[in-house]
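Read through the structure below, which is laid out as structure tokens, and then see the notes.
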Amino acid sequence: MAETPPPSLYAAREPIFPRRVSGFFRSLKWWIMGLTLGIYYLLPWVRWDRGPNLPDQAVLADLASRRFFFFWIEIWPHEFYFVAGLLIMAGLGLFLFTSALGRVWCGYACPQTVWTDLFLLVERKIEGDRNAQIRLLKAKWDFRKWRLRLTKWLIWLGISVATGGAWVFYFTDAPTLLRDLVTLDAAAVAYISIAIMTATTFLFGGFMREQVCIYMCPWPRIQAAMMDEGTLTVGYREWRGEPRGKHRKGARAAAAAGTATTYVETNLPEADQGTGDCIDCMACVNVCPMGIDIRDGQQMECITCALCIDACDDIMSKIGKPRGLIDYLALEDVPPPKESPERATWSPRPIWKHVLKPRTILYTTLWGLIGAGMVFALFVRSDIELTVSPVRNPTYVMQSEGSIRNIYDVRLRNKSGEDRLFHLSLSSDETLRIELEGSNDLSVLVPANETLLQRVYVTARRQDPAASSNRTDLRIWVEDVEAQTRASTATLFNGKGE
Amino acid sequence: MSDPENKKPIDDVTGIETTGHSWDGIEELNNPLPRWWLWSLYLTIIWAIGYTIAYPAWPLINGATEGLLGYSTRGEVAADIDAREAANAERNAELASADLATLSDNDALYRYAVSSGAAVFRTNCSQCHGSGAAGAIGYPNLLDDDWLWGGNHEQIAYTVRHGVRNEDDDDAHYSEMPAFGEILDKEQIPPLVEYVRSLSGLEFDAALAEVGADSFADNCTACHAEDGMGDPEQGAPNLTDAIWLYGGDREALTHTITYSRFGVMPPWGGRLSEAQVQAVATYVHQLGGGEADPDPVTD
Ligand code: SF4
Ligand code: SF4
């Protein structure tokens with residue numbers, strides 16, 4: 001039976017030429033693109049005055065001195081939990097949006113989508129819309145084709161360089177770095193980062209596009225697990241559209257119904273002429289950046305960019321039918337079959353019921369709690385801080401007159417912009433004595449915006465109960481003499497034990 | 001089971017092309033992988049081959065292929081160390097000739113001395129004195145305020161440089177306690193033990209101690225002084241404090257008096273650079289027990 005050779009196990013990428021479309025969702029996406037890209041490219045240039053000793057860049061991840069600056073907030077490495085908290089909030093936010101609205105992240109906000117959109121815009125401006133692009137692809141490589149292609153690639157490359165460039169500005173003072181980059185004085189790592197970001201932007205936005213989403217990105221796989229039958233996502237009202245057929249003018253007197261745009265109305269089956277509302281014009285397929293047909297149902301490839309909604313709504317209004325043949329809808333919104341008696345009384349669940357469900361409420365609550373916790377933590381932070389790490393090797397030292405000494409490595413953090421004198425002490429009821437290495441009194445000068453490591457000795461006299469007992473609670477205080485602020489940390493004093 | 005027009009095997013249920021393979025009537029659907037994915041696999045293979053040519057990779061009987069770039073992790077470390085040493089050369093020269101007593105006035109150099117001294121300590125000294133410098137039986141604890149040979153900066157540096165009771169350095173600290181088991185009668189030793197215990201406030205037998213006081217005056221005061229306070233000039237321990245290098249219980253004291261002890265420390269002057277000696281002395285001094293430096297002699 002050797003009639004056919006086995007099929008290929010590999011497939012070449014089918015080029016996709018999404019057609020231009022306009023409508024509510026397209027405009028929304030333009031706005032989101034403008035906003036997100038605007039923030040991304042311009043934020044490093046925003047200045048924020050913090051005083052003489054600190055950088056004046058509003059958003060700066062200063063890796064060299066291990067500080068993160070965000071407008072009035074300054075995060076030190078030991079406060080990394082703020083970043084962890086933000087990441088957890090971002091994760092919960094994605095859960096929330098996905099369970100309520102499906103892949104909105106993919107459709108509107110993912111960098112892959114946003115930059116691909118931008119690259120598509122450039123492509124359309126240079127090479128024309130879908131049909132022109134298809135013609136150009138088939139055309140011979142003559143002067144015109146070279147000119148168009150090179151122009152497009154050059155603009156893409158420009159965008160890519162700007163993208164990679166903007167990234168590194170978040171890590172060093174932007175104006176200085178820009179000058180260094182131009183004069184070739186910047187660090188190698190800056191050029192390498194820019195090169196990598198440029199290459200990936202160019203490749204992913206210009207050539208790989210939907211391949212990234214379908215084959216490389218893990219997010220769609222995760223999202224599928226977070227959606228349920230109540231999740232609102234882009235879908236096709238099959239019961240209204242099928243059987244599809246060519247449009248026959250005047251077949252329906254319901255031109256006026258073109259104004260009927262509410263969710264409930266558009267859900268009603270309209271197939272009274274033997275054919276459904278879908279006129280098989282392929283508009284939804286032609287605009288799709290993923291190259292799929294939404295009428296085949298929910299698909300792994302669909303990023304819910306909602307452009308097919310815009311395309312179909314446009315057609316529906318042209319042929320005088322209500323919009324919403326393709327729309328945000330949930331799987332559970334499928335009406336009972338036509339023959340069934342429930343069909344007459346059936347109506348879809350209201351949108352708020354799709355959005356407000358235990359899962360989304362839980363996600364929102366968690367999100368809010370973490371957020372509130374972090375805001376609270378931000379406001380109770382003080383300008384001075386200490387961490388105490390007791391030296392445990394050995395746990396105590398016996399001095400010649402028999403007293404017991406414990407050693408503590410105390411890190412004193414001065415988060416203010418000025419040098420400050422820190423005074424150390426124990427809780428006032430302590431019978432123990434505190435001393436500082438290298439200092440005759442109990443004060444030490446901590447430079448502005450720095451951490452100082454200070455060796456601290458606490459001694460219990462020979463007869464003191466703390467000397468002979470196993471462990472005694474202890475609290476070390478530090479006071480900023482000038483600013484009258486103080487902080488303390490509890491620790492332990494180790495005695496000889498028994 | 002096949003599409004009659006283009007003869008492609010098609011699965012009836014899903015409408016998806018099959019690979020044509022059939023096992024007991026079960027066929028495998030063909031959802032083709034993108035071709036670029038295949039290319040990226042080939043690319044990684046080519047990369048891997050290039051990598052094994054450029055870098056040390058293939059194991060041979062003795063060692064491995066060296067790679068065209070001549071890279072080795074050992075070489076990288078060596079280069080790294082050289083670079084760091086070159087970068088520190090100036091500070092090391094400054095430290096080698098610095099006066100340790102006033103070093104802390106120069107904040108940056110002092111901090112450098114402490115941190116590099118810590119590294120020197122961990123590598124060379126921790127074997128005996130412990131990584132936390134707490135010592136052990138027979139190896140002095142460097143955290144406390146008791147010093148056999150003196151605990152100011154210069155004294156510590158001297159001890160590090162020349163060591164104690166070794167034969168390699170003529171300037172090493174030297175002293176030797178006689179084994180009194182050979183000098184005294186056996187019965188004379190327990191009273192001495194009781195007297196020594198009485199000196200440092202340990203529980204003791206008063207009657208015996210009174211006897212021991214006499215033999216202490218006869219035999220021990222030359223080094224340990226009349227009051228038992230010892231003498232750092234000759235490394236004679238202070239017997240009145242709470243610290244016992246070899247233990248203060250009766251058994252340990254009896255052993256010490258009978259057989260004596262002979263703790264040795266090697267000289268580090270030849271093995272460590274002068275800057276390292278200065279650094280480690282600074283480090284040890286700031287561990288908690290460092291003694292005040294003498295005022296500069298003015299004459
Ligand atoms: S699939 Fe991945 S890359 Fe594509 S839009 Fe979604 S998150 Fe972005
Ligand atoms: S099917 Fe529609 S929503 Fe999905 S990717 Fe295509 S155009 Fe976007």
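Residues are referred to by chain and number: the chain letter is A, B, ... according to the order shown in the structure tokens, the number counts from 1 in that chain, and ligands are numbered separately from 1 in the order shown.
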Per-residue nearest contacts of chain A to ligand 1 (9 Å; only C-alpha atoms and all ligand atoms) as JSON lines:
```
{"residue": "A:Arg103", "atom": "CA", "partner": "ligand 1", "partner_atom_place_in_ligand_line": "6 (Fe)", "distance": 7.0}
{"residue": "A:Val104", "atom": "CA", "partner": "ligand 1", "partner_atom_place_in_ligand_line": "6 (Fe)", "distance": 8.5}
{"residue": "A:Trp105", "atom": "CA", "partner": "ligand 1", "partner_atom_place_in_ligand_line": "7 (S)", "distance": 6.6}
{"residue": "A:Cys106", "atom": "CA", "partner": "ligand 1", "partner_atom_place_in_ligand_line": "5 (S)", "distance": 3.5}
{"residue": "A:Gly107", "atom": "CA", "partner": "ligand 1", "partner_atom_place_in_ligand_line": "5 (S)", "distance": 6.1}
{"residue": "A:Tyr108", "atom": "CA", "partner": "ligand 1", "partner_atom_place_in_ligand_line": "5 (S)", "distance": 8.0}
{"residue": "A:Ala109", "atom": "CA", "partner": "ligand 1", "partner_atom_place_in_ligand_line": "5 (S)", "distance": 7.8}
{"residue": "A:Cys110", "atom": "CA", "partner": "ligand 1", "partner_atom_place_in_ligand_line": "8 (Fe)", "distance": 4.6}
{"residue": "A:Pro111", "atom": "CA", "partner": "ligand 1", "partner_atom_place_in_ligand_line": "8 (Fe)", "distance": 6.5}
{"residue": "A:Gln112", "atom": "CA", "partner": "ligand 1", "partner_atom_place_in_ligand_line": "3 (S)", "distance": 5.0}
{"residue": "A:Thr113", "atom": "CA", "partner": "ligand 1", "partner_atom_place_in_ligand_line": "5 (S)", "distance": 5.1}
{"residue": "A:Val114", "atom": "CA", "partner": "ligand 1", "partner_atom_place_in_ligand_line": "5 (S)", "distance": 8.5}
{"residue": "A:Arg209", "atom": "CA", "partner": "ligand 1", "partner_atom_place_in_ligand_line": "4 (Fe)", "distance": 8.2}
{"residue": "A:Glu210", "atom": "CA", "partner": "ligand 1", "partner_atom_place_in_ligand_line": "4 (Fe)", "distance": 6.9}
{"residue": "A:Gln211", "atom": "CA", "partner": "ligand 1", "partner_atom_place_in_ligand_line": "4 (Fe)", "distance": 8.4}
{"residue": "A:Val212", "atom": "CA", "partner": "ligand 1", "partner_atom_place_in_ligand_line": "3 (S)", "distance": 5.7}
{"residue": "A:Cys213", "atom": "CA", "partner": "ligand 1", "partner_atom_place_in_ligand_line": "4 (Fe)", "distance": 3.5}
{"residue": "A:Ile214", "atom": "CA", "partner": "ligand 1", "partner_atom_place_in_ligand_line": "1 (S)", "distance": 6.4}
{"residue": "A:Tyr215", "atom": "CA", "partner": "ligand 1", "partner_atom_place_in_ligand_line": "1 (S)", "distance": 8.6}
{"residue": "A:Met216", "atom": "CA", "partner": "ligand 1", "partner_atom_place_in_ligand_line": "3 (S)", "distance": 7.6}
{"residue": "A:Cys217", "atom": "CA", "partner": "ligand 1", "partner_atom_place_in_ligand_line": "2 (Fe)", "distance": 4.5}
{"residue": "A:Pro218", "atom": "CA", "partner": "ligand 1", "partner_atom_place_in_ligand_line": "2 (Fe)", "distance": 6.5}
{"residue": "A:Trp219", "atom": "CA", "partner": "ligand 1", "partner_atom_place_in_ligand_line": "2 (Fe)", "distance": 5.1}
{"residue": "A:Pro220", "atom": "CA", "partner": "ligand 1", "partner_atom_place_in_ligand_line": "1 (S)", "distance": 5.1}
{"residue": "A:Arg221", "atom": "CA", "partner": "ligand 1", "partner_atom_place_in_ligand_line": "1 (S)", "distance": 8.6}
{"residue": "A:Glu301", "atom": "CA", "partner": "ligand 1", "partner_atom_place_in_ligand_line": "1 (S)", "distance": 8.0}
{"residue": "A:Cys302", "atom": "CA", "partner": "ligand 1", "partner_atom_place_in_ligand_line": "1 (S)", "distance": 8.6}
{"residue": "A:Ile303", "atom": "CA", "partner": "ligand 1", "partner_atom_place_in_ligand_line": "5 (S)", "distance": 6.0}
{"residue": "A:Thr304", "atom": "CA", "partner": "ligand 1", "partner_atom_place_in_ligand_line": "5 (S)", "distance": 9.0}
{"residue": "A:Cys305", "atom": "CA", "partner": "ligand 1", "partner_atom_place_in_ligand_line": "5 (S)", "distance": 8.9}
```
Residues from the last selection, C-alpha atoms, saved as an mmCIF file, in the first residue's frame:
```
data_model
loop_
_atom_site.group_PDB
_atom_site.id
_atom_site.type_symbol
_atom_site.label_atom_id
_atom_site.label_comp_id
_atom_site.auth_asym_id
_atom_site.auth_seq_id
_atom_site.Cartn_x
_atom_site.Cartn_y
_atom_site.Cartn_z
ATOM 1 C CA ARG A 103 -6.611 36.453 27.511
ATOM 2 C CA VAL A 104 -7.001 40.228 27.796
ATOM 3 C CA TRP A 105 -3.351 40.468 28.737
ATOM 4 C CA CYS A 106 -2.399 38.875 25.418
ATOM 5 C CA GLY A 107 -4.862 40.895 23.426
ATOM 6 C CA TYR A 108 -4.091 44.323 24.776
ATOM 7 C CA ALA A 109 -1.063 44.651 26.994
ATOM 8 C CA CYS A 110 1.541 42.007 26.242
ATOM 9 C CA PRO A 111 4.720 43.582 24.843
ATOM 10 C CA GLN A 112 4.685 40.945 22.110
ATOM 11 C CA THR A 113 1.246 42.128 21.000
ATOM 12 C CA VAL A 114 1.953 45.823 21.413
ATOM 13 C CA ARG A 209 4.894 37.437 15.631
ATOM 14 C CA GLU A 210 2.155 34.838 16.200
ATOM 15 C CA GLN A 211 4.785 32.071 16.346
ATOM 16 C CA VAL A 212 5.969 33.492 19.641
ATOM 17 C CA CYS A 213 2.468 33.238 21.083
ATOM 18 C CA ILE A 214 1.683 29.815 19.685
ATOM 19 C CA TYR A 215 4.954 27.986 20.184
ATOM 20 C CA MET A 216 7.194 29.900 22.582
ATOM 21 C CA CYS A 217 5.126 31.572 25.228
ATOM 22 C CA PRO A 218 4.063 29.556 28.284
ATOM 23 C CA TRP A 219 1.315 31.974 29.210
ATOM 24 C CA PRO A 220 -1.429 30.611 26.907
ATOM 25 C CA ARG A 221 -0.983 27.150 28.414
ATOM 26 C CA GLU A 301 -4.129 30.590 18.896
ATOM 27 C CA CYS A 302 -6.666 33.321 19.674
ATOM 28 C CA ILE A 303 -5.118 36.109 21.719
ATOM 29 C CA THR A 304 -8.507 37.847 22.103
ATOM 30 C CA CYS A 305 -7.314 41.017 20.450
#
```
Quiz item: segment 120-133 of chain B: which residues within 8 Å, counting only C-alpha atoms, same-chain residues fewer than 4 positions away excluded, as a list of chain:residue names?
Solution: A:Asn393, A:Pro394, B:Ser116, B:Tyr139, B:Pro140, B:Asn141, B:Leu142, B:Leu143, B:Gln276, B:Ala279, B:Val280
What does the list of residues within 9 Å of ligand 2 look like if you count only C-alpha atoms and all ligand atoms, written as a JSON list (two decimals) with all heavy atoms, in the first residue's frame?
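Output contents, as saved in result-v5.json:
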```json
[["chain", "number", "residue", "atom", "x", "y", "z"],
["A", 18, "PRO", "N", -2.63, 40.75, 8.23],
["A", 18, "PRO", "CA", -3.87, 41.24, 8.84],
["A", 18, "PRO", "C", -4.30, 42.55, 8.18],
["A", 18, "PRO", "O", -3.49, 43.45, 7.98],
["A", 18, "PRO", "CB", -3.49, 41.48, 10.30],
["A", 18, "PRO", "CG", -2.14, 40.90, 10.49],
["A", 18, "PRO", "CD", -1.50, 40.80, 9.16],
["A", 107, "GLY", "N", -4.24, 40.09, 24.46],
["A", 107, "GLY", "CA", -4.86, 40.90, 23.43],
["A", 107, "GLY", "C", -4.49, 42.36, 23.47],
["A", 107, "GLY", "O", -4.43, 43.02, 22.44],
["A", 233, "THR", "N", -14.92, 35.90, 26.73],
["A", 233, "THR", "CA", -13.81, 35.89, 25.79],
["A", 233, "THR", "C", -14.37, 36.07, 24.39],
["A", 233, "THR", "O", -15.58, 35.97, 24.18],
["A", 233, "THR", "CB", -13.01, 34.58, 25.95],
["A", 233, "THR", "OG1", -11.93, 34.62, 25.05],
["A", 233, "THR", "CG2", -13.86, 33.37, 25.70],
["A", 234, "VAL", "N", -13.50, 36.37, 23.44],
["A", 234, "VAL", "CA", -14.00, 36.64, 22.09],
["A", 234, "VAL", "C", -14.57, 35.36, 21.49],
["A", 234, "VAL", "O", -13.90, 34.33, 21.46],
["A", 234, "VAL", "CB", -12.86, 37.19, 21.21],
["A", 234, "VAL", "CG1", -13.36, 37.40, 19.79],
["A", 234, "VAL", "CG2", -12.33, 38.48, 21.79],
["A", 235, "GLY", "N", -15.79, 35.43, 21.04],
["A", 235, "GLY", "CA", -16.41, 34.24, 20.47],
["A", 235, "GLY", "C", -17.41, 34.61, 19.37],
["A", 235, "GLY", "O", -17.74, 35.78, 19.15],
["A", 284, "CYS", "N", -13.58, 38.84, 9.37],
["A", 284, "CYS", "CA", -13.00, 38.48, 10.67],
["A", 284, "CYS", "C", -11.70, 37.71, 10.49],
["A", 284, "CYS", "O", -10.77, 37.85, 11.28],
["A", 284, "CYS", "CB", -13.99, 37.70, 11.50],
["A", 284, "CYS", "SG", -14.57, 36.18, 10.71],
["A", 285, "VAL", "N", -11.63, 36.89, 9.44],
["A", 285, "VAL", "CA", -10.42, 36.10, 9.22],
["A", 285, "VAL", "C", -9.29, 37.01, 8.71],
["A", 285, "VAL", "O", -8.14, 36.92, 9.17],
["A", 285, "VAL", "CB", -10.68, 34.96, 8.22],
["A", 285, "VAL", "CG1", -9.41, 34.17, 7.98],
["A", 285, "VAL", "CG2", -11.79, 34.07, 8.74],
["A", 286, "ASN", "N", -9.65, 37.93, 7.82],
["A", 286, "ASN", "CA", -8.61, 38.76, 7.21],
["A", 286, "ASN", "C", -7.95, 39.72, 8.18],
["A", 286, "ASN", "O", -6.81, 40.13, 7.96],
["A", 286, "ASN", "CB", -9.20, 39.54, 6.03],
["A", 286, "ASN", "CG", -9.55, 38.62, 4.89],
["A", 286, "ASN", "OD1", -9.10, 37.47, 4.85],
["A", 286, "ASN", "ND2", -10.38, 39.10, 3.97],
["A", 287, "VAL", "N", -8.66, 40.13, 9.22],
["A", 287, "VAL", "CA", -8.05, 41.09, 10.15],
["A", 287, "VAL", "C", -7.27, 40.38, 11.25],
["A", 287, "VAL", "O", -6.55, 41.02, 12.02],
["A", 287, "VAL", "CB", -9.10, 42.01, 10.83],
["A", 287, "VAL", "CG1", -9.84, 42.81, 9.78],
["A", 287, "VAL", "CG2", -10.04, 41.21, 11.70],
["A", 288, "CYS", "N", -7.41, 39.06, 11.33],
["A", 288, "CYS", "CA", -6.87, 38.38, 12.51],
["A", 288, "CYS", "C", -5.35, 38.31, 12.46],
["A", 288, "CYS", "O", -4.77, 37.74, 11.54],
["A", 288, "CYS", "CB", -7.44, 36.98, 12.60],
["A", 288, "CYS", "SG", -6.75, 36.06, 13.99],
["A", 289, "PRO", "N", -4.68, 38.85, 13.46],
["A", 289, "PRO", "CA", -3.21, 38.80, 13.46],
["A", 289, "PRO", "C", -2.68, 37.39, 13.70],
["A", 289, "PRO", "O", -1.50, 37.14, 13.50],
["A", 289, "PRO", "CB", -2.82, 39.73, 14.61],
["A", 289, "PRO", "CG", -3.99, 39.73, 15.52],
["A", 289, "PRO", "CD", -5.20, 39.55, 14.65],
["A", 290, "MET", "N", -3.56, 36.48, 14.14],
["A", 290, "MET", "CA", -3.09, 35.13, 14.38],
["A", 290, "MET", "C", -3.43, 34.22, 13.21],
["A", 290, "MET", "O", -3.10, 33.02, 13.22],
["A", 290, "MET", "CB", -3.73, 34.55, 15.66],
["A", 290, "MET", "CG", -3.54, 35.39, 16.89],
["A", 290, "MET", "SD", -1.80, 35.67, 17.28],
["A", 290, "MET", "CE", -1.33, 34.04, 17.83],
["A", 291, "GLY", "N", -4.15, 34.76, 12.23],
["A", 291, "GLY", "CA", -4.45, 33.98, 11.04],
["A", 291, "GLY", "C", -5.46, 32.87, 11.25],
["A", 291, "GLY", "O", -5.41, 31.84, 10.59],
["A", 292, "ILE", "N", -6.39, 33.05, 12.20],
["A", 292, "ILE", "CA", -7.35, 31.97, 12.44],
["A", 292, "ILE", "C", -8.77, 32.45, 12.15],
["A", 292, "ILE", "O", -9.01, 33.63, 11.91],
["A", 292, "ILE", "CB", -7.29, 31.45, 13.89],
["A", 292, "ILE", "CG1", -7.53, 32.60, 14.87],
["A", 292, "ILE", "CG2", -5.98, 30.76, 14.14],
["A", 292, "ILE", "CD1", -7.76, 32.14, 16.28],
["A", 293, "ASP", "N", -9.69, 31.51, 12.17],
["A", 293, "ASP", "CA", -11.09, 31.79, 11.91],
["A", 293, "ASP", "C", -11.84, 31.59, 13.22],
["A", 293, "ASP", "O", -11.99, 30.46, 13.69],
["A", 293, "ASP", "CB", -11.60, 30.83, 10.84],
["A", 293, "ASP", "CG", -13.02, 31.18, 10.42],
["A", 293, "ASP", "OD1", -13.69, 31.93, 11.17],
["A", 293, "ASP", "OD2", -13.44, 30.70, 9.35],
["A", 294, "ILE", "N", -12.31, 32.69, 13.81],
["A", 294, "ILE", "CA", -12.92, 32.60, 15.12],
["A", 294, "ILE", "C", -14.22, 31.80, 15.05],
["A", 294, "ILE", "O", -14.69, 31.27, 16.05],
["A", 294, "ILE", "CB", -13.18, 34.02, 15.70],
["A", 294, "ILE", "CG1", -13.58, 33.96, 17.18],
["A", 294, "ILE", "CG2", -14.23, 34.75, 14.91],
["A", 294, "ILE", "CD1", -12.50, 33.47, 18.10],
["A", 295, "ARG", "N", -14.76, 31.68, 13.84],
["A", 295, "ARG", "CA", -16.03, 30.95, 13.72],
["A", 295, "ARG", "C", -15.86, 29.45, 13.95],
["A", 295, "ARG", "O", -16.83, 28.73, 14.11],
["A", 295, "ARG", "CB", -16.63, 31.20, 12.33],
["A", 295, "ARG", "CG", -17.02, 32.67, 12.13],
["A", 295, "ARG", "CD", -17.40, 32.93, 10.71],
["A", 295, "ARG", "NE", -16.28, 32.60, 9.81],
["A", 295, "ARG", "CZ", -16.40, 32.54, 8.48],
["A", 295, "ARG", "NH1", -17.56, 32.77, 7.90],
["A", 295, "ARG", "NH2", -15.34, 32.27, 7.75],
["A", 297, "GLY", "N", -14.68, 28.39, 16.54],
["A", 297, "GLY", "CA", -14.78, 28.23, 18.00],
["A", 297, "GLY", "C", -13.50, 28.65, 18.69],
["A", 297, "GLY", "O", -12.54, 29.07, 18.07],
["A", 298, "GLN", "N", -13.53, 28.54, 20.01],
["A", 298, "GLN", "CA", -12.37, 28.86, 20.84],
["A", 298, "GLN", "C", -11.14, 28.11, 20.37],
["A", 298, "GLN", "O", -11.19, 26.90, 20.18],
["A", 298, "GLN", "CB", -12.67, 28.41, 22.26],
["A", 298, "GLN", "CG", -13.47, 29.39, 23.04],
["A", 298, "GLN", "CD", -12.56, 30.37, 23.72],
["A", 298, "GLN", "OE1", -11.84, 30.01, 24.62],
["A", 298, "GLN", "NE2", -12.59, 31.60, 23.27],
["A", 299, "GLN", "N", -10.05, 28.84, 20.18],
["A", 299, "GLN", "CA", -8.83, 28.16, 19.73],
["A", 299, "GLN", "C", -7.63, 28.60, 20.53],
["A", 299, "GLN", "O", -7.57, 29.74, 21.00],
["A", 299, "GLN", "CB", -8.57, 28.50, 18.25],
["A", 299, "GLN", "CG", -9.53, 27.80, 17.32],
["A", 299, "GLN", "CD", -9.74, 28.63, 16.07],
["A", 299, "GLN", "OE1", -8.92, 28.61, 15.18],
["A", 299, "GLN", "NE2", -10.84, 29.37, 16.03],
["A", 301, "GLU", "N", -4.87, 29.49, 19.50],
["A", 301, "GLU", "CA", -4.13, 30.59, 18.90],
["A", 301, "GLU", "C", -4.71, 31.95, 19.24],
["A", 301, "GLU", "O", -4.01, 32.96, 19.18],
["A", 301, "GLU", "CB", -4.11, 30.44, 17.37],
["A", 301, "GLU", "CG", -3.24, 29.31, 16.86],
["A", 301, "GLU", "CD", -3.98, 27.98, 16.82],
["A", 301, "GLU", "OE1", -5.10, 27.90, 17.38],
["A", 301, "GLU", "OE2", -3.43, 27.03, 16.25],
["A", 302, "CYS", "N", -6.00, 32.02, 19.55],
["A", 302, "CYS", "CA", -6.67, 33.32, 19.67],
["A", 302, "CYS", "C", -6.13, 34.08, 20.88],
["A", 302, "CYS", "O", -6.17, 33.61, 22.00],
["A", 302, "CYS", "CB", -8.17, 33.13, 19.82],
["A", 302, "CYS", "SG", -9.03, 34.66, 20.12],
["A", 303, "ILE", "N", -5.63, 35.30, 20.63],
["A", 303, "ILE", "CA", -5.12, 36.11, 21.72],
["A", 303, "ILE", "C", -6.17, 37.10, 22.22],
["A", 303, "ILE", "O", -5.88, 37.99, 22.99],
["A", 303, "ILE", "CB", -3.84, 36.87, 21.32],
["A", 303, "ILE", "CG1", -4.10, 37.74, 20.09],
["A", 303, "ILE", "CG2", -2.68, 35.92, 21.07],
["A", 303, "ILE", "CD1", -2.97, 38.72, 19.79],
["A", 304, "THR", "N", -7.39, 36.95, 21.76],
["A", 304, "THR", "CA", -8.51, 37.85, 22.10],
["A", 304, "THR", "C", -8.15, 39.31, 21.92],
["A", 304, "THR", "O", -8.36, 40.13, 22.81],
["A", 304, "THR", "CB", -9.03, 37.63, 23.54],
["A", 304, "THR", "OG1", -8.06, 38.09, 24.47],
["A", 304, "THR", "CG2", -9.36, 36.19, 23.81],
["A", 305, "CYS", "N", -7.62, 39.62, 20.73],
["A", 305, "CYS", "CA", -7.31, 41.02, 20.45],
["A", 305, "CYS", "C", -8.57, 41.77, 20.08],
["A", 305, "CYS", "O", -8.57, 42.99, 19.97],
["A", 305, "CYS", "CB", -6.30, 41.11, 19.33],
["A", 305, "CYS", "SG", -6.95, 40.54, 17.77],
["A", 306, "ALA", "N", -9.69, 41.05, 19.81],
["A", 306, "ALA", "CA", -11.01, 41.64, 19.57],
["A", 306, "ALA", "C", -11.10, 42.39, 18.25],
["A", 306, "ALA", "O", -12.10, 43.05, 17.99],
["A", 306, "ALA", "CB", -11.42, 42.56, 20.72],
["A", 307, "LEU", "N", -10.09, 42.27, 17.41],
["A", 307, "LEU", "CA", -10.16, 42.98, 16.13],
["A", 307, "LEU", "C", -11.24, 42.37, 15.23],
["A", 307, "LEU", "O", -11.86, 43.06, 14.43],
["A", 307, "LEU", "CB", -8.80, 42.95, 15.42],
["A", 307, "LEU", "CG", -7.72, 43.75, 16.14],
["A", 307, "LEU", "CD1", -6.42, 43.73, 15.36],
["A", 307, "LEU", "CD2", -8.17, 45.19, 16.36],
["A", 308, "CYS", "N", -11.47, 41.05, 15.37],
["A", 308, "CYS", "CA", -12.52, 40.44, 14.56],
["A", 308, "CYS", "C", -13.89, 40.96, 14.98],
["A", 308, "CYS", "O", -14.82, 40.99, 14.17],
["A", 308, "CYS", "CB", -12.45, 38.92, 14.63],
["A", 308, "CYS", "SG", -12.37, 38.25, 16.29],
["A", 309, "ILE", "N", -14.02, 41.39, 16.25],
["A", 309, "ILE", "CA", -15.30, 41.99, 16.67],
["A", 309, "ILE", "C", -15.54, 43.27, 15.89],
["A", 309, "ILE", "O", -16.60, 43.49, 15.30],
["A", 309, "ILE", "CB", -15.30, 42.28, 18.18],
["A", 309, "ILE", "CG1", -15.04, 41.00, 18.98],
["A", 309, "ILE", "CG2", -16.60, 42.93, 18.60],
["A", 309, "ILE", "CD1", -15.12, 41.18, 20.47],
["A", 310, "ASP", "N", -14.48, 44.10, 15.87],
["A", 310, "ASP", "CA", -14.58, 45.36, 15.12],
["A", 310, "ASP", "C", -14.91, 45.09, 13.65],
["A", 310, "ASP", "O", -15.79, 45.73, 13.07],
["A", 310, "ASP", "CB", -13.26, 46.13, 15.21],
["A", 310, "ASP", "CG", -13.15, 46.89, 16.51],
["A", 310, "ASP", "OD1", -14.18, 47.03, 17.20],
["A", 310, "ASP", "OD2", -12.04, 47.36, 16.83],
["A", 311, "ALA", "N", -14.21, 44.11, 13.06],
["A", 311, "ALA", "CA", -14.40, 43.84, 11.63],
["A", 311, "ALA", "C", -15.82, 43.38, 11.36],
["A", 311, "ALA", "O", -16.49, 43.85, 10.44],
["A", 311, "ALA", "CB", -13.40, 42.78, 11.19],
["A", 326, "ILE", "N", -19.89, 38.50, 16.32],
["A", 326, "ILE", "CA", -18.68, 38.11, 17.06],
["A", 326, "ILE", "C", -18.59, 39.09, 18.22],
["A", 326, "ILE", "O", -18.74, 40.29, 18.03],
["A", 326, "ILE", "CB", -17.42, 38.20, 16.17],
["A", 326, "ILE", "CG1", -17.55, 37.27, 14.99],
["A", 326, "ILE", "CG2", -16.17, 37.88, 16.98],
["A", 326, "ILE", "CD1", -16.41, 37.37, 14.02]]
```
Exercise. Please provide as a list of chain:residue names all residues within 8 Å of segment 442-454 of chain A, with the sequence filter that same-chain residues fewer than 2 positions apart are discarded (counting only C-alpha atoms).
Key: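 Result of the neighbour search: A:Asn53, A:Asp409, A:Val410, A:Arg411, A:Leu412, A:Arg413, A:Asn414, A:Lys415, A:Ser416, A:Gly417, A:Glu418, A:Asp419, A:Arg420, A:Leu421, A:Phe422, A:His423, A:Leu424, A:Ser425, A:Ile434, A:Glu435, A:Leu436, A:Glu437, A:Ser439, A:Asn440, A:Val456.
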